[in-house]
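Structure file model.pdb (PDB, C-alpha atoms) is printed below.
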```pdb
ATOM      1  CA  MET R   1     -83.589  -7.408   1.955
ATOM      2  CA  THR R   2     -81.026 -10.200   1.812
ATOM      3  CA  GLU R   3     -82.594 -13.571   1.062
ATOM      4  CA  ILE R   4     -81.919 -16.055   3.857
ATOM      5  CA  SER R   5     -82.553 -19.767   3.532
ATOM      6  CA  ILE R   6     -83.941 -20.812   6.889
ATOM      7  CA  LYS R   7     -86.846 -22.779   8.305
ATOM      8  CA  TYR R   8     -89.303 -20.325   9.794
ATOM      9  CA  LYS R   9     -92.456 -20.984  11.768
ATOM     10  CA  GLU R  10     -95.322 -18.508  11.832
ATOM     11  CA  LEU R  11     -96.000 -17.409  15.391
ATOM     12  CA  SER R  12     -99.339 -18.097  17.041
ATOM     13  CA  GLU R  13    -100.805 -16.255  20.009
ATOM     14  CA  SER R  14     -99.815 -19.183  22.224
ATOM     15  CA  ASP R  15     -96.227 -18.698  20.995
ATOM     16  CA  TYR R  16     -96.405 -15.044  21.993
ATOM     17  CA  ARG R  17     -97.800 -15.952  25.409
ATOM     18  CA  LEU R  18     -94.829 -18.261  25.881
ATOM     19  CA  ALA R  19     -92.442 -15.529  24.701
ATOM     20  CA  VAL R  20     -93.946 -13.070  27.190
ATOM     21  CA  ARG R  21     -93.795 -15.596  30.041
ATOM     22  CA  CYS R  22     -90.149 -16.493  29.374
ATOM     23  CA  ALA R  23     -88.930 -13.027  28.359
ATOM     24  CA  PRO R  24     -85.686 -11.874  29.966
ATOM     25  CA  CYS R  25     -85.804  -9.146  32.567
ATOM     26  CA  LEU R  26     -83.473  -6.530  31.076
ATOM     27  CA  VAL R  27     -81.650  -4.398  33.635
ATOM     28  CA  TYR R  28     -80.055  -1.047  32.765
ATOM     29  CA  ASP R  29     -77.935   1.645  34.323
ATOM     30  CA  LYS R  30     -79.920   4.290  36.183
ATOM     31  CA  LYS R  31     -78.935   6.868  33.523
ATOM     32  CA  GLU R  32     -79.296   4.646  30.428
ATOM     33  CA  PRO R  33     -80.600   6.905  27.617
ATOM     34  CA  PHE R  34     -81.550   4.202  25.092
ATOM     35  CA  LEU R  35     -84.147   1.520  25.828
ATOM     36  CA  PRO R  36     -85.606  -1.159  23.501
ATOM     37  CA  GLN R  37     -88.070   0.082  20.907
ATOM     38  CA  ALA R  38     -89.135  -3.313  19.535
ATOM     39  CA  ILE R  39     -88.282  -6.992  19.902
ATOM     40  CA  GLY R  40     -88.239  -9.456  17.024
ATOM     41  CA  ILE R  41     -89.371 -12.920  18.079
ATOM     42  CA  SER R  42     -88.346 -16.207  16.474
ATOM     43  CA  LEU R  43     -89.041 -19.723  17.693
ATOM     44  CA  PHE R  44     -86.638 -22.554  16.865
ATOM     45  CA  TYR R  45     -87.303 -26.279  17.096
ATOM     46  CA  ASP R  46     -84.171 -27.576  15.422
ATOM     47  CA  THR R  47     -80.577 -26.546  14.872
ATOM     48  CA  GLN R  48     -80.161 -23.600  12.530
ATOM     49  CA  ARG R  49     -78.381 -20.289  12.287
ATOM     50  CA  PRO R  50     -80.310 -17.256  13.566
ATOM     51  CA  ALA R  51     -81.621 -15.181  10.675
ATOM     52  CA  SER R  52     -81.356 -12.022  12.755
ATOM     53  CA  LEU R  53     -77.655 -12.516  13.517
ATOM     54  CA  LEU R  54     -76.031 -12.146  10.123
ATOM     55  CA  PHE R  55     -72.584 -12.217  11.705
ATOM     56  CA  TYR R  56     -72.806 -15.997  11.391
ATOM     57  CA  HIS R  57     -74.105 -16.171   7.829
ATOM     58  CA  ILE R  58     -71.488 -17.086   5.250
ATOM     59  CA  ARG R  59     -72.339 -14.753   2.399
ATOM     60  CA  ASN R  60     -71.253 -15.562  -1.139
ATOM     61  CA  ASN R  61     -69.504 -12.231  -1.586
ATOM     62  CA  LEU R  62     -67.173 -12.783   1.372
ATOM     63  CA  SER R  63     -63.690 -14.024   0.623
ATOM     64  CA  PHE R  64     -62.132 -16.794   2.682
ATOM     65  CA  LYS R  65     -59.767 -14.195   4.140
ATOM     66  CA  GLN R  66     -62.686 -12.036   5.310
ATOM     67  CA  ARG R  67     -64.526 -15.030   6.776
ATOM     68  CA  LEU R  68     -61.392 -16.040   8.669
ATOM     69  CA  LYS R  69     -60.947 -12.464   9.893
ATOM     70  CA  ASP R  70     -64.550 -12.402  11.194
ATOM     71  CA  TYR R  71     -64.086 -15.585  13.198
ATOM     72  CA  ILE R  72     -60.687 -14.523  14.567
ATOM     73  CA  GLU R  73     -62.242 -11.245  15.742
ATOM     74  CA  ALA R  74     -65.020 -13.203  17.455
ATOM     75  CA  TRP R  75     -62.540 -15.388  19.322
ATOM     76  CA  VAL R  76     -60.398 -12.395  20.301
ATOM     77  CA  MET R  77     -63.482 -10.617  21.669
ATOM     78  CA  THR R  78     -64.409 -13.730  23.639
ATOM     79  CA  LEU R  79     -60.924 -13.987  25.136
ATOM     80  CA  TYR R  80     -60.946 -10.264  25.914
ATOM     81  CA  HIS R  81     -64.171 -10.552  27.909
ATOM     82  CA  THR R  82     -62.811 -13.606  29.698
ATOM     83  CA  LEU R  83     -59.600 -11.906  30.803
ATOM     84  CA  MET R  84     -60.852  -8.351  31.398
ATOM     85  CA  ASN R  85     -64.355  -8.865  32.768
ATOM     86  CA  ASP R  86     -64.091 -12.093  34.726
ATOM     87  CA  ARG R  87     -60.554 -12.022  36.080
ATOM     88  CA  LYS R  88     -61.264  -9.764  39.061
ATOM     89  CA  THR R  89     -64.734 -11.019  39.908
ATOM     90  CA  ASP R  90     -64.619 -14.777  39.496
ATOM     91  CA  PRO R  91     -63.261 -16.428  42.663
ATOM     92  CA  LYS R  92     -62.180 -19.375  40.501
ATOM     93  CA  PRO R  93     -60.880 -17.797  37.273
ATOM     94  CA  PHE R  94     -60.662 -20.917  35.114
ATOM     95  CA  ALA R  95     -59.645 -18.978  32.014
ATOM     96  CA  LEU R  96     -59.525 -21.996  29.719
ATOM     97  CA  TYR R  97     -62.907 -23.223  30.959
ATOM     98  CA  LYS R  98     -64.409 -19.766  30.482
ATOM     99  CA  PHE R  99     -62.967 -19.527  26.996
ATOM    100  CA  TYR R 100     -64.349 -22.958  26.100
ATOM    101  CA  ASN R 101     -67.729 -22.290  27.696
ATOM    102  CA  ASN R 102     -68.168 -18.821  26.173
ATOM    103  CA  ARG R 103     -66.745 -19.461  22.730
ATOM    104  CA  PRO R 104     -68.757 -18.295  19.701
ATOM    105  CA  GLN R 105     -71.697 -20.675  19.284
ATOM    106  CA  PRO R 106     -73.555 -20.100  16.023
ATOM    107  CA  VAL R 107     -75.669 -23.254  16.330
ATOM    108  CA  LEU R 108     -78.825 -23.155  18.386
ATOM    109  CA  MET R 109     -80.582 -25.945  20.356
ATOM    110  CA  THR R 110     -77.653 -26.909  22.598
ATOM    111  CA  ILE R 111     -76.877 -25.177  25.878
ATOM    112  CA  ARG R 112     -73.896 -25.837  28.105
ATOM    113  CA  ASP R 113     -74.440 -26.834  31.716
ATOM    114  CA  LYS R 114     -70.992 -26.753  33.313
ATOM    115  CA  TRP R 115     -69.099 -29.373  31.288
ATOM    116  CA  LYS R 116     -72.210 -31.022  29.868
ATOM    117  CA  LYS R 117     -74.150 -30.061  26.771
ATOM    118  CA  ASN R 118     -77.945 -30.237  26.963
ATOM    119  CA  LYS R 119     -80.342 -30.168  24.048
ATOM    120  CA  ALA R 120     -83.341 -27.869  24.243
ATOM    121  CA  GLU R 121     -86.793 -28.768  22.995
ATOM    122  CA  LYS R 122     -87.264 -25.224  21.704
ATOM    123  CA  VAL R 123     -85.472 -21.884  21.785
ATOM    124  CA  ILE R 124     -87.060 -18.434  21.869
ATOM    125  CA  GLU R 125     -85.014 -15.696  20.240
ATOM    126  CA  TYR R 126     -85.451 -12.089  21.363
ATOM    127  CA  ALA R 127     -83.834  -9.755  18.803
ATOM    128  CA  ILE R 128     -83.825  -6.520  20.791
ATOM    129  CA  TYR R 129     -83.922  -3.383  18.656
ATOM    130  CA  TYR R 130     -82.591  -0.090  19.991
ATOM    131  CA  SER R 131     -82.811   3.112  17.967
ATOM    132  CA  SER R 132     -79.217   3.757  18.975
ATOM    133  CA  ASP R 133     -76.463   2.934  21.364
ATOM    134  CA  ILE R 134     -74.062   5.538  22.672
ATOM    135  CA  VAL R 135     -71.608   5.186  19.769
ATOM    136  CA  HIS R 136     -73.794   4.490  16.724
ATOM    137  CA  ILE R 137     -77.362   4.782  15.463
ATOM    138  CA  TYR R 138     -79.109   1.372  15.161
ATOM    139  CA  ASP R 139     -78.297  -1.339  17.647
ATOM    140  CA  LEU R 140     -79.497  -4.933  17.681
ATOM    141  CA  GLU R 141     -78.756  -7.237  20.601
ATOM    142  CA  HIS R 142     -79.967 -10.784  21.195
ATOM    143  CA  VAL R 143     -81.107 -13.044  24.002
ATOM    144  CA  TRP R 144     -81.972 -16.713  23.518
ATOM    145  CA  VAL R 145     -83.993 -18.548  26.158
ATOM    146  CA  TYR R 146     -83.696 -22.353  26.086
ATOM    147  CA  LEU R 147     -86.666 -24.507  27.119
ATOM    148  CA  ASN R 148     -87.127 -28.194  27.844
ATOM    149  CA  LYS R 149     -90.143 -30.294  26.804
ATOM    150  CA  ASP R 150     -92.144 -28.871  29.728
ATOM    151  CA  ASP R 151     -91.365 -25.285  28.652
ATOM    152  CA  GLU R 152     -89.106 -24.800  31.663
ATOM    153  CA  ILE R 153     -86.060 -22.567  31.250
ATOM    154  CA  ILE R 154     -82.817 -24.555  31.133
ATOM    155  CA  GLY R 155     -80.419 -21.899  29.864
ATOM    156  CA  VAL R 156     -79.889 -18.405  28.506
ATOM    157  CA  LYS R 157     -77.546 -17.104  25.826
ATOM    158  CA  GLY R 158     -76.944 -13.540  24.737
ATOM    159  CA  THR R 159     -74.757 -11.426  22.500
ATOM    160  CA  ARG R 160     -71.772  -9.302  23.341
ATOM    161  CA  HIS R 161     -70.767  -7.273  20.291
ATOM    162  CA  GLY R 162     -72.047  -9.943  17.918
ATOM    163  CA  VAL R 163     -70.537 -12.897  19.768
ATOM    164  CA  ILE R 164     -72.947 -15.463  21.243
ATOM    165  CA  MET R 165     -72.220 -16.168  24.901
ATOM    166  CA  THR R 166     -73.658 -18.712  27.321
ATOM    167  CA  LEU R 167     -74.735 -16.284  30.035
ATOM    168  CA  TYR R 168     -75.191 -18.662  32.956
ATOM    169  CA  GLY R 169     -72.885 -21.605  33.662
ATOM    170  CA  SER R 170     -75.819 -23.850  34.579
ATOM    171  CA  ALA R 171     -79.602 -23.711  34.927
ATOM    172  CA  SER R 172     -79.294 -23.684  38.713
ATOM    173  CA  LYS R 173     -77.368 -20.393  38.560
ATOM    174  CA  ILE R 174     -79.992 -18.456  36.590
ATOM    175  CA  LYS R 175     -81.222 -15.436  38.556
ATOM    176  CA  TYR R 176     -84.857 -14.392  38.195
ATOM    177  CA  GLN R 177     -86.981 -11.284  38.644
ATOM    178  CA  LYS R 178     -90.680 -12.180  38.832
ATOM    179  CA  LYS R 179     -89.902 -15.521  37.118
ATOM    180  CA  HIS R 180     -88.036 -13.796  34.261
ATOM    181  CA  PRO R 181     -84.304 -14.588  33.796
ATOM    182  CA  ILE R 182     -82.223 -11.522  34.590
ATOM    183  CA  VAL R 183     -79.901 -10.116  31.921
ATOM    184  CA  TYR R 184     -77.877  -6.979  32.638
ATOM    185  CA  CYS R 185     -77.247  -4.613  29.707
ATOM    186  CA  THR R 186     -74.023  -2.620  29.775
ATOM    187  CA  PRO R 187     -74.464   1.178  30.021
ATOM    188  CA  GLY R 188     -74.741   2.793  26.615
ATOM    189  CA  LYS R 189     -73.617  -0.331  24.736
ATOM    190  CA  HIS R 190     -76.270  -2.938  25.700
ATOM    191  CA  SER R 191     -74.005  -6.010  25.703
ATOM    192  CA  ASN R 192     -75.479  -8.813  27.805
ATOM    193  CA  ILE R 193     -73.936  -9.937  31.094
ATOM    194  CA  VAL R 194     -75.244 -11.680  34.227
ATOM    195  CA  ASP R 195     -73.480  -9.785  36.990
ATOM    196  CA  PRO R 196     -72.860  -6.019  37.362
ATOM    197  CA  LYS R 197     -69.414  -6.904  38.694
ATOM    198  CA  GLN R 198     -68.509  -7.840  35.116
ATOM    199  CA  LEU R 199     -68.893  -4.225  33.989
ATOM    200  CA  ASN R 200     -65.607  -2.804  32.754
ATOM    201  CA  ARG R 201     -66.040   0.679  34.156
ATOM    202  CA  ARG R 202     -63.033   2.285  32.510
ATOM    203  CA  ILE R 203     -64.026   1.216  28.993
ATOM    204  CA  LEU R 204     -67.716   2.045  29.463
ATOM    205  CA  GLU R 205     -66.998   5.484  30.915
ATOM    206  CA  ARG R 206     -64.815   6.180  27.896
ATOM    207  CA  ALA R 207     -67.490   4.938  25.447
ATOM    208  CA  CYS R 208     -70.130   7.183  27.044
ATOM    209  CA  GLY R 209     -67.789  10.169  27.217
ATOM    210  CA  TYR R 210     -67.258  13.191  24.991
ATOM    211  CA  ASN R 211     -64.679  11.665  22.648
ATOM    212  CA  TYR R 212     -66.632   8.528  21.696
ATOM    213  CA  VAL R 213     -70.371   9.263  21.670
ATOM    214  CA  GLY R 214     -71.906   9.081  18.201
ATOM    215  CA  LYS R 215     -68.551   8.638  16.492
ATOM    216  CA  ASP R 216     -69.685   5.779  14.199
ATOM    217  CA  GLY R 217     -72.772   7.567  12.869
ATOM    218  CA  VAL R 218     -75.358   5.259  11.305
ATOM    219  CA  TYR R 219     -74.165   1.703  11.885
ATOM    220  CA  ASP R 220     -73.370  -0.539   8.920
ATOM    221  CA  VAL R 221     -76.518  -2.672   8.776
ATOM    222  CA  GLN R 222     -75.433  -5.826   6.961
ATOM    223  CA  PHE R 223     -78.774  -6.801   5.445
ATOM    224  CA  PHE R 224     -79.383  -3.412   3.786
ATOM    225  CA  ASN R 225     -78.987  -3.468   0.018
ATOM    226  CA  ASP R 226     -77.877  -0.455  -2.051
ATOM    227  CA  LYS R 227     -81.458   0.685  -2.641
ATOM    228  CA  ILE R 228     -82.226   0.751   1.086
ATOM    229  CA  TRP R 229     -78.957   2.514   1.903
ATOM    230  CA  LYS R 230     -79.722   5.192  -0.682
ATOM    231  CA  LYS R 231     -83.081   5.799   1.005
ATOM    232  CA  VAL R 232     -81.548   5.983   4.498
ATOM    233  CA  ARG R 233     -78.636   8.205   3.493
ATOM    234  CA  GLU R 234     -80.958  10.915   2.215
ATOM    235  CA  PHE R 235     -81.514  11.662   5.910
ATOM    236  CA  ASP R 236     -78.006  10.873   7.190
ATOM    237  CA  PRO R 237     -76.145  14.127   7.993
ATOM    238  CA  GLY R 238     -72.823  12.285   8.328
ATOM    239  CA  LYS R 239     -70.715  11.032  11.206
ATOM    240  CA  GLU R 240     -69.288  14.369  12.300
ATOM    241  CA  LYS R 241     -72.667  16.074  12.619
ATOM    242  CA  ILE R 242     -74.154  13.067  14.410
ATOM    243  CA  ARG R 243     -71.171  13.132  16.733
ATOM    244  CA  GLU R 244     -71.792  16.807  17.536
ATOM    245  CA  VAL R 245     -75.448  16.099  18.364
ATOM    246  CA  TYR R 246     -74.544  13.154  20.596
ATOM    247  CA  ARG R 247     -71.854  15.144  22.384
ATOM    248  CA  LYS R 248     -74.411  17.805  23.224
ATOM    249  CA  HIS R 249     -77.389  15.602  24.125
ATOM    250  CA  TYR R 250     -76.218  12.099  25.077
ATOM    251  CA  THR R 251     -72.815  12.268  26.771
ATOM    252  CA  PHE R 252     -73.224  10.803  30.247
ATOM    253  CA  LYS R 253     -71.256   9.184  33.019
ATOM    254  CA  PRO R 254     -72.694   5.780  33.951
ATOM    255  CA  THR R 255     -73.647   5.411  37.594
ATOM    256  CA  PHE R 256     -73.150   1.617  37.409
ATOM    257  CA  LYS R 257     -76.245   1.383  39.575
ATOM    258  CA  MET R 258     -78.232  -1.161  37.592
ATOM    259  CA  THR R 259     -81.670  -0.199  38.827
ATOM    260  CA  LYS R 260     -83.734   0.349  35.668
ATOM    261  CA  TYR R 261     -85.698  -2.888  35.156
ATOM    262  CA  MET R 262     -87.628  -3.718  31.990
ATOM    263  CA  ILE R 263     -89.629  -6.884  31.318
ATOM    264  CA  PRO R 264     -90.673  -6.902  27.626
ATOM    265  CA  THR R 265     -94.412  -6.881  26.996
ATOM    266  CA  ARG R 266     -96.467  -8.327  24.156
ATOM    267  CA  LYS R 267     -96.828  -4.823  22.719
ATOM    268  CA  LEU R 268     -93.081  -4.669  21.967
ATOM    269  CA  MET R 269     -92.969  -8.075  20.272
ATOM    270  CA  LYS R 270     -93.418  -8.953  16.615
ATOM    271  CA  PRO R 271     -92.027 -11.566  14.206
ATOM    272  CA  TRP R 272     -88.358 -10.948  13.427
ATOM    273  CA  TYR R 273     -88.953 -10.692   9.683
ATOM    274  CA  ASP R 274     -91.591  -7.999  10.233
ATOM    275  CA  LEU R 275     -89.190  -6.037  12.416
ATOM    276  CA  MET R 276     -86.397  -6.505   9.883
ATOM    277  CA  GLU R 277     -88.537  -4.898   7.176
ATOM    278  CA  GLU R 278     -89.300  -1.944   9.470
ATOM    279  CA  ILE R 279     -85.718  -1.146  10.455
ATOM    280  CA  PRO R 280     -84.866   1.236   7.556
ATOM    281  CA  ASP R 281     -87.946   3.362   8.281
ATOM    282  CA  ARG R 282     -87.240   3.213  12.010
ATOM    283  CA  ILE R 283     -83.724   4.573  11.421
ATOM    284  CA  ILE R 284     -85.080   7.363   9.213
ATOM    285  CA  LYS R 285     -87.731   8.238  11.796
ATOM    286  CA  TYR R 286     -85.075   8.425  14.508
ATOM    287  CA  LEU R 287     -82.795  10.625  12.389
ATOM    288  CA  LYS R 288     -85.661  13.010  11.590
ATOM    289  CA  ALA R 289     -86.826  13.264  15.209
ATOM    290  CA  GLU R 290     -83.630  13.064  17.273
ATOM    291  CA  VAL R 291     -80.756  14.193  15.050
ATOM    292  CA  LEU R 292     -81.715  16.455  12.138
ATOM    293  CA  PRO R 293     -83.526  19.093  14.263
ATOM    294  CA  TYR R 294     -80.245  19.714  16.116
ATOM    295  CA  VAL R 295     -77.864  19.754  13.147
TER     296      VAL R 295
END
```
Now, as a test, write the supplied structure out as structure tokens.
Amino acid sequence: MTEISIKYKELSESDYRLAVRCAPCLVYDKKEPFLPQAIGISLFYDTQRPASLLFYHIRNNLSFKQRLKDYIEAWVMTLYHTLMNDRKTDPKPFALYKFYNNRPQPVLMTIRDKWKKNKAEKVIEYAIYYSSDIVHIYDLEHVWVYLNKDDEIIGVKGTRHGVIMTLYGSASKIKYQKKHPIVYCTPGKHSNIVDPKQLNRRILERACGYNYVGKDGVYDVQFFNDKIWKKVREFDPGKEKIREVYRKHYTFKPTFKMTKYMIPTRKLMKPWYDLMEEIPDRIIKYLKAEVLPYV
């Protein structure tokens, strides 16, 4: 695996109890075919870049041009979500405020509360592993829950296609299900939002439809080295065959009825670095069980 220089704290059982108590309540479409298979837990006490979100790691082999391209794409995606998802649902569409509030935020420990910026005492990271999303095999989404010194929730962040978003504008706006902050996961794609009204139905129906399902094959996992890729690709039948399997078995039309609730349990949780080491074998297991028998 890629070596990452980062401060890392071993998790105790009390840490896991806290992670279970503060875990987000994940809400899915009634017909969602892919649910979390494991959740990598990390606990942060100071500002650092998440090891599980390599989008924000400046790797030595990236040129300045590629780094700039990555950040431009992140900003474009942020602006896209602001204009397309919020324009029709926000009664006060402050586009510039939304763009500022939801801009890419690679640094942990600070959470925005309207125009203020609060510092958390600790942050729990939930790296949510899915065997697949509707377009590609392997999907990793993130939720960060921000706590004060009394371990009370003061904010929630999540990822949308690799971009970190502040999900709630302030702590007072956080919605809860059985004391767990609610995070809605878009049908088939699992991006994190806080209101079903933000769902872009046209785009999601297209993504879950015949022409798009499975089209990307096995996703480009950034922290896989050549040796790991060689091992995985022994079982990879290729994009076209994966696409055929997904067209036959996974094409669906989202109902946009977000009624499938899931509160992560201790059984799903493990340290992020343990989960990271398991991911190649998890992908192979999925290919052998859910793809290769139908090729």
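Closest to Glu152 of chain R among R:Pro181, R:Gly169, R:Pro196, R:Pro36 is R:Pro181, based on only C-alpha atoms.
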5 Å per side around segment 247-254 of chain R: axis-aligned box centre and edge lengths, as lines of an AutoDock Vina configuration file:
```
center_x = -74.3
center_y = 11.8
center_z = 28.2
size_x = 16.1
size_y = 22.0
size_z = 21.6
```
- For atom CA of Ala207 of chain R and atom CA of Gly238 of chain R, the interatomic separation in Å (one decimal):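 Interatomic distance here is 19.4 Å.
Note on the selection: in this file the PyMOL selection byres ((chain R and resi 262) around 8) comes out as Cys25, Leu26, Val27, Lys260, Tyr261, Ile263 and Pro264 of chain R.
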- What gap, in Å, lies between atom CA of Gly158 of chain R and atom CA of Pro254 of chain R?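 The value is 21.8 Å.
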- Message: What would the selection look like, as a ChimeraX atom specification, if the PyMOL selection byres ((chain R and resi 219-232) around 8) were run on the coordinates I just shared?
- Response: /R:1-2,54,136-139,216-218,233-236,280-281,283-284
- Item | 12 Å contact set for Arg17 of chain R, only C-alpha atoms, chain neighbours under 2 positions out, as a list in words |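 Counting only the stated atoms, we get Leu11, Ser12, Glu13, Ser14, Asp15, Ala19, Val20, Arg21, Cys22, Ala23, Ile41, Ile124, Asp151, Pro264, Thr265, Arg266, Lys267 and Met269 of chain R.
Put simply, the PyMOL selection byres ((chain R and resi 174) around 10) in this file takes in Ile153, Ile154, Gly155, Val156, Leu167, Tyr168, Gly169, Ser170, Ala171, Ser172, Lys173, Lys175, Tyr176, His180, Pro181, Ile182, Val183 and Val194 of chain R.
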- Query: Between R:Phe34, R:Tyr126, R:Tyr45, R:Tyr16, which one has atoms that come closest to Leu275 of chain R, using all atoms listed in the file?
  - Reply: R:Tyr126
